[in-house]
Amino acid sequence: MALTLGFLLLLGLCWNTFSEGPLSTTRGSDVPEFELPATNYETKDSYKPGSIDVLFQIVHTFLHVVQPNAFPEDILRKIIQQKKFDLSTDYEKPENVVLTLKVIRYEIGIIICAVLGLLFVILMPLVGFCFGLCRCCNKCGGEMHQRQKKNGTFLRKCFAVSLLVICIFISIGIICGFVANHHLRIQVEQTRKLADSNFRDLRTLLNETPSQISYVLDQYTTTKEKAFSDLDNIKSLLGSGIHEQLRPKVIPVLDDIKTMAEAIKETKEALLTVNNTLENLKQSTTQLNSSLGDIKMNLEQSLNDPQCSVPSVTAACNDIRMTLNQLDDNTNMHQLPSLHNQLDNVNDVLQTDLSSLVQKGNKSFNDIPEMVQNQTTDMVSDIKSTLNSIGSDIKNINEQISIQDNLSIFMDPINSIETYIYQKLPTLEEYDSYRWLASLVICGLLTLIVIFYYLGLLCGVFGYDRHATPTRRGCISNTGGIFLMAGVGVSFLFCWILMTIVVLTFVVGGNVEKLVCEPYQNKKLFQILDTPYLLNENWKYYLSGMVFNKPDINLTFEQVYSDCKENKGIYATLKLENRYNISEHFNTQEHTRNINNSFENLNIKIDNIVLLDAAGRKNLRDFSASGVDQIDYDAYLAEIAKPPTKVNLLSFADELERKASQLVKVVNIISSLDSAQDFITNRISSVIVQESKKYGNMILGYFERYLQWVKISISEQIAACKPVATALDSAVDVFLCSYIIEPMNLFWFGIGKATIFLLPALIFAVKLAKYYRRMDSEDVYDDVETVPMKNMQKGHIGFHRHQTTQAL
């Protein structure tokens with residue numbers, strides 16, 4: 001029933017998935033990731049019998065010894081292919097004879113065991129009947145007379161030990177029977193719980209599938225909202241992208257111009273300082289020359305004094321007279337040109353505020369993101385409309401599919417099967433109670449027999465008096481012998497019935513284990529069903545013929561079962577792309593093509609950006625032509641280096657030289673400015689196209705990731721058919737094999753072993769009873785030295801029969 005239910009559910013889910021819409025996921029660093037809510041099922045994946053599994057493995061080993069042949073795939077295929085075989089008319093056909101011989105060869109182990117069991121069933125009642133008649137005729141140990149033997153004590157002990165060992169083996173078999181009977185009853189009681197969990201899982205699968213599909217479809221809204229957010233932020237995403245691409249070419253130029261504006265101001269201050277200092281130096285030099293002339297005149301007058309004629313001072317005066325020339329002015333400041341012209345030129349340059357012009361160019365450059373946003377308003381609106389239309393299409397898909405309505409048609413079959421199972425479960429439990437009682441009776445009979453043997457051994461061993469003659473044995477010993485014979489009698493009465501039950505259960509359980517359970521677990525049973533043209537001579541693959549009516553599609557029972565065991569989605573499991581193509585049904589290429597074209601045809605005009613206007617450029621050129629670079633700095637340095645000087649002009653000279661070097665940089669700045677402006681004017685379109693494509697790919701990437709997640713969800717997560725495989729496992733592997741067959745096999749194994757050991761047990765029990773029971777007569781010796789001889793009719797000299805009353 002569960003197999004039928006599993007197939008119906010597979011077929012039903014396949015029809016429902018034919019119309020299933022797409023699902024959603026988004027992946028990426030900035031995109032939220034979606035995960036389909038996990039579905040929890042009650043039924044466990046595997047069944048573990050517990051500690052009793054050791055006994056089951058022993059039975060499996062025994063069956064492997066009895067039936068070591070591999071699974072007969074070819075035989076089963078031929079039997080299925082010859083399903084119209086009529087034994088009454090076709091049995092003489094050669095191929096059928098060969099097939100029958102192959103079946104016999106495969107079943108030879110079970111057949112031999114069954115034949116031996118049937119011989120046991122037939123012969124044991126006959127042997128028991130003959131044995132009883134024989135004993136009634138005082139034969140076969142029925143005569144209550146025991147011959148004295150020299151090894152009698154040794155035989156009695158051997159018989160007792162052998163019977164004890166055999167009783168232990170019988171007890172083990174009985175325990176296995178009790179355990180198997182109890183385990184089978186417990187598992188039958190668990191059947192209702194197993195059915196409940198499986199039906200709940202199947203309903204969960206049917207009920208969760210529409211909600212899973214709706215969930216995945218609804219995730220489009222999240223993807224769309226992310227795209228809308230990025231479209232609303234086109235200023236910071238696309239505009240800033242364009243801005244950042246231009247930044248390395250524009251910002252350094254603007255920074256240089258801004259630095260140049262500051263340098264012009266510093267140049268003016270330096271020129272003004274140098275020019276004022278130069279004027280002061282000229283005045284100081286004039287005063288110095290006048291003072292030095294007065295001093296020189298005074299010295300010459302002093303040297304002309306008559307005292308210098310004195311020989312003693314004449315030499316000193318001459319020396320002073322020779323150094324008077326050193327008092328002449330060593331500098332020529334008046335030869336240095338004035339810096340008024342250069343200073344006037346720099347003042348004219350400063351009439352234009354170059355810094356404000358740079359700020360204006362910088363602002364114009366930073367307005368690019370705003371310009372992008374203003375020029376893409378219509379495009380953003382169109383793309384949003386396209387995305388909204390995609391969302392409407394997805395909602396229409398979900399409404400047109402009517403997944404819940406399609407799946408609901410399979411609720412009725414499930415309910416019907418569930419009702420049928422629950423109606424039959426009380427009957428199953430009732431029959432199981434009868435089976436349980438019958439098994440208890442069987443185990444009870446064996447227990448009664450072995451108890452007779454145990455009591456016989458107990459009473460015989462502890463009640464035996466080796467000094468007592470056979471006719472004078474104690475009551476306890478005699479009772480032990482009676483127990484042993486009672487066990488023998490019960491064994492003959494019921495052992496053939498027990499063996500009949502063992503043979504029947506062995507043949508059924510052994511074949512089901514070897515032909516159903518084992519091949520189901522190793523999937524060879526599915527391989528039989530997947531044989532091309534086996535179940536339908538016109539279909540290569542039977543399952544694809546049923547599902548798609550296309551038998552050439554490679555869809556097999558083994559593959560479907562394996563995929564369901566791995567909890568794959570029904571779409572990939574049943575290869576529903578052959579009936580319902582997700583990509584074609586959920587075709588958004590037209591929409592994405594429109595979006596992509598919108599980005600490719602994006603026309604953003606950024607042609608009114610002026611990094612530095614004409615006034616600023618003229619300002620730079622005027623500064624370059626201000627004449628600061630034409631100042632003869634070497635002459636200034638040479639004059640300044642001459643002592644004496646009133647002040648050290650070296651620092652002023654260094655500053656002037658540094659500012660003059662800026663004039664060379666002005667040419668480079670203007671060149672870089674022209675290059676940057678040309679790039680913005682003529683090549684910015686390539687930057688816009690590049691950034692627009694990158695931005696468009698980011699927006700479209702959301703939907704590509706969404707569609708990829710949709711496909712993964714459909715193939716691996718949506719309508720994951722694990723409950724179907726679990727239901728099939730529950731029906732075959734758990735209920736049939738683990739709940740029924742394995743305990744039943746353990747039952748016949750234990751009872752069969754105990755029944756077989758009854759045969760040697762009754763032999764030893766009959767032999768041993770002779771030593772425990774009180775005899776009617778015994779051998780008595782008048783002369784110890786006389787060799788004992790049997791007294792046939794009358795007493796003879798040296799030997800006579802001692803008569804006692806019969807005890808039994």
# chains A, B, ... in the order shown; residues from 1 in each chain; ligands from 1
>>> residues_around(residues="range 513-527 of chain A", least_positions_apart="3", cutoff="8 Å", atoms="only C-alpha atoms", output="compact mmCIF listing (two decimals) with N, CA and C atoms, in the first residue's frame")
# COMPACT_ATOMS: atom_id res chain seq x y z
N PHE A 71 21.36 -13.08 -6.25
CA PHE A 71 19.99 -12.74 -6.60
C PHE A 71 19.72 -13.10 -8.06
N GLU A 73 18.55 -12.39 -11.03
CA GLU A 73 17.99 -11.33 -11.85
C GLU A 73 17.45 -11.88 -13.17
N GLY A 509 9.46 -17.16 4.85
CA GLY A 509 10.38 -16.14 5.36
C GLY A 509 11.72 -16.13 4.66
N GLY A 510 12.27 -17.32 4.38
CA GLY A 510 13.56 -17.37 3.70
C GLY A 510 13.50 -16.79 2.31
N ASP A 530 13.81 -1.77 -13.82
CA ASP A 530 14.31 -0.83 -14.82
C ASP A 530 14.79 -1.52 -16.10
N THR A 531 14.64 -2.82 -16.17
CA THR A 531 15.05 -3.53 -17.39
C THR A 531 14.22 -3.04 -18.57
N PHE A 557 13.54 3.60 -11.92
CA PHE A 557 13.09 3.48 -10.53
C PHE A 557 14.26 3.66 -9.57
N GLU A 558 15.41 3.08 -9.89
CA GLU A 558 16.57 3.19 -9.02
C GLU A 558 17.02 4.64 -8.88
N VAL A 732 8.31 -1.49 2.89
CA VAL A 732 9.06 -2.69 2.50
C VAL A 732 10.13 -3.03 3.52
N ASP A 733 11.07 -2.10 3.70
CA ASP A 733 12.24 -2.40 4.53
C ASP A 733 11.90 -2.48 6.01
N CYS A 737 10.03 -6.26 6.12
CA CYS A 737 11.27 -6.99 6.41
C CYS A 737 11.65 -6.94 7.89
N ILE A 741 9.27 -10.10 8.73
CA ILE A 741 10.08 -11.21 8.24
C ILE A 741 11.21 -11.55 9.21
N GLU A 742 11.95 -10.57 9.68
CA GLU A 742 13.08 -10.87 10.55
C GLU A 742 12.64 -11.55 11.85
>>> residues_around(residues="Phe747 in chain A", least_positions_apart="6", cutoff="8 Å", atoms="only C-alpha atoms", output="ChimeraX atom specification")
/A:176-178,180-181
>>> closest_residue(among="A:Gln287, A:Thr100, A:Thr223, A:Thr386", to="Arg705 in chain A", atoms="only C-alpha atoms")
A:Thr223
>>> closest_residue(among="A:Ile718, A:Leu768, A:Cys158, A:Met698", to="Asn478 in chain A", atoms="only C-alpha atoms")
A:Leu768
>>> atom_distance(atom1="CA of Gly569 in chain A", atom2="CA of Tyr541 in chain A")
20.9 Å
>>> closest_residue(among="A:Cys721, A:Gly460, A:Tyr422, A:Leu455", to="Asp563 in chain A", atoms="only C-alpha atoms")
A:Cys721
>>> atom_distance(atom1="CA of Gln717 in chain A", atom2="CA of Phe548 in chain A")
22.0 Å
>>> atom_distance(atom1="CA of Leu535 in chain A", atom2="CA of Ile553 in chain A")
15.5 Å
>>> closest_residue(among="A:Ser713, A:Lys722, A:Glu691, A:Phe56", to="Ser562 in chain A", atoms="only C-alpha atoms")
A:Lys722
>>> closest_residue(among="A:Ile80, A:Cys475, A:Leu163, A:Cys443", to="Ile501 in chain A", atoms="only C-alpha atoms")
A:Cys443
>>> closest_residue(among="A:Ala572, A:Cys134, A:Ile122, A:Val66", to="Ala720 in chain A", atoms="only C-alpha atoms")
A:Ala572
>>> residues_around(residues="range 44-54 of chain A", least_positions_apart="4", cutoff="8 Å", atoms="only C-alpha atoms", output="JSON, numbers by chain")
{"A": [58, 726, 734, 738]}
>>> write_last_selection(atoms="N, CA, C and O atoms", output="CSV table (one decimal), in the first residue's frame")
chain,number,residue,atom,x,y,z
A,58,ILE,N,22.5,-13.7,13.0
A,58,ILE,CA,22.8,-15.2,13.0
A,58,ILE,C,21.8,-15.9,12.0
A,58,ILE,O,22.3,-16.8,11.2
A,726,THR,N,10.9,7.5,2.1
A,726,THR,CA,10.7,7.0,3.4
A,726,THR,C,9.5,6.2,3.6
A,726,THR,O,9.5,5.1,4.3
A,734,VAL,N,11.0,-1.6,6.5
A,734,VAL,CA,10.7,-1.5,7.9
A,734,VAL,C,9.6,-2.5,8.2
A,734,VAL,O,9.8,-3.4,9.0
A,738,SER,N,11.7,-5.7,8.5
A,738,SER,CA,12.2,-5.6,9.8
A,738,SER,C,11.1,-6.0,10.9
A,738,SER,O,11.4,-6.6,11.9
>>> residues_around(residues="Gly487 in chain A", least_positions_apart="6", cutoff="9 Å", atoms="only C-alpha atoms", output="ChimeraX atom specification")
/A:448-453,456,762,765
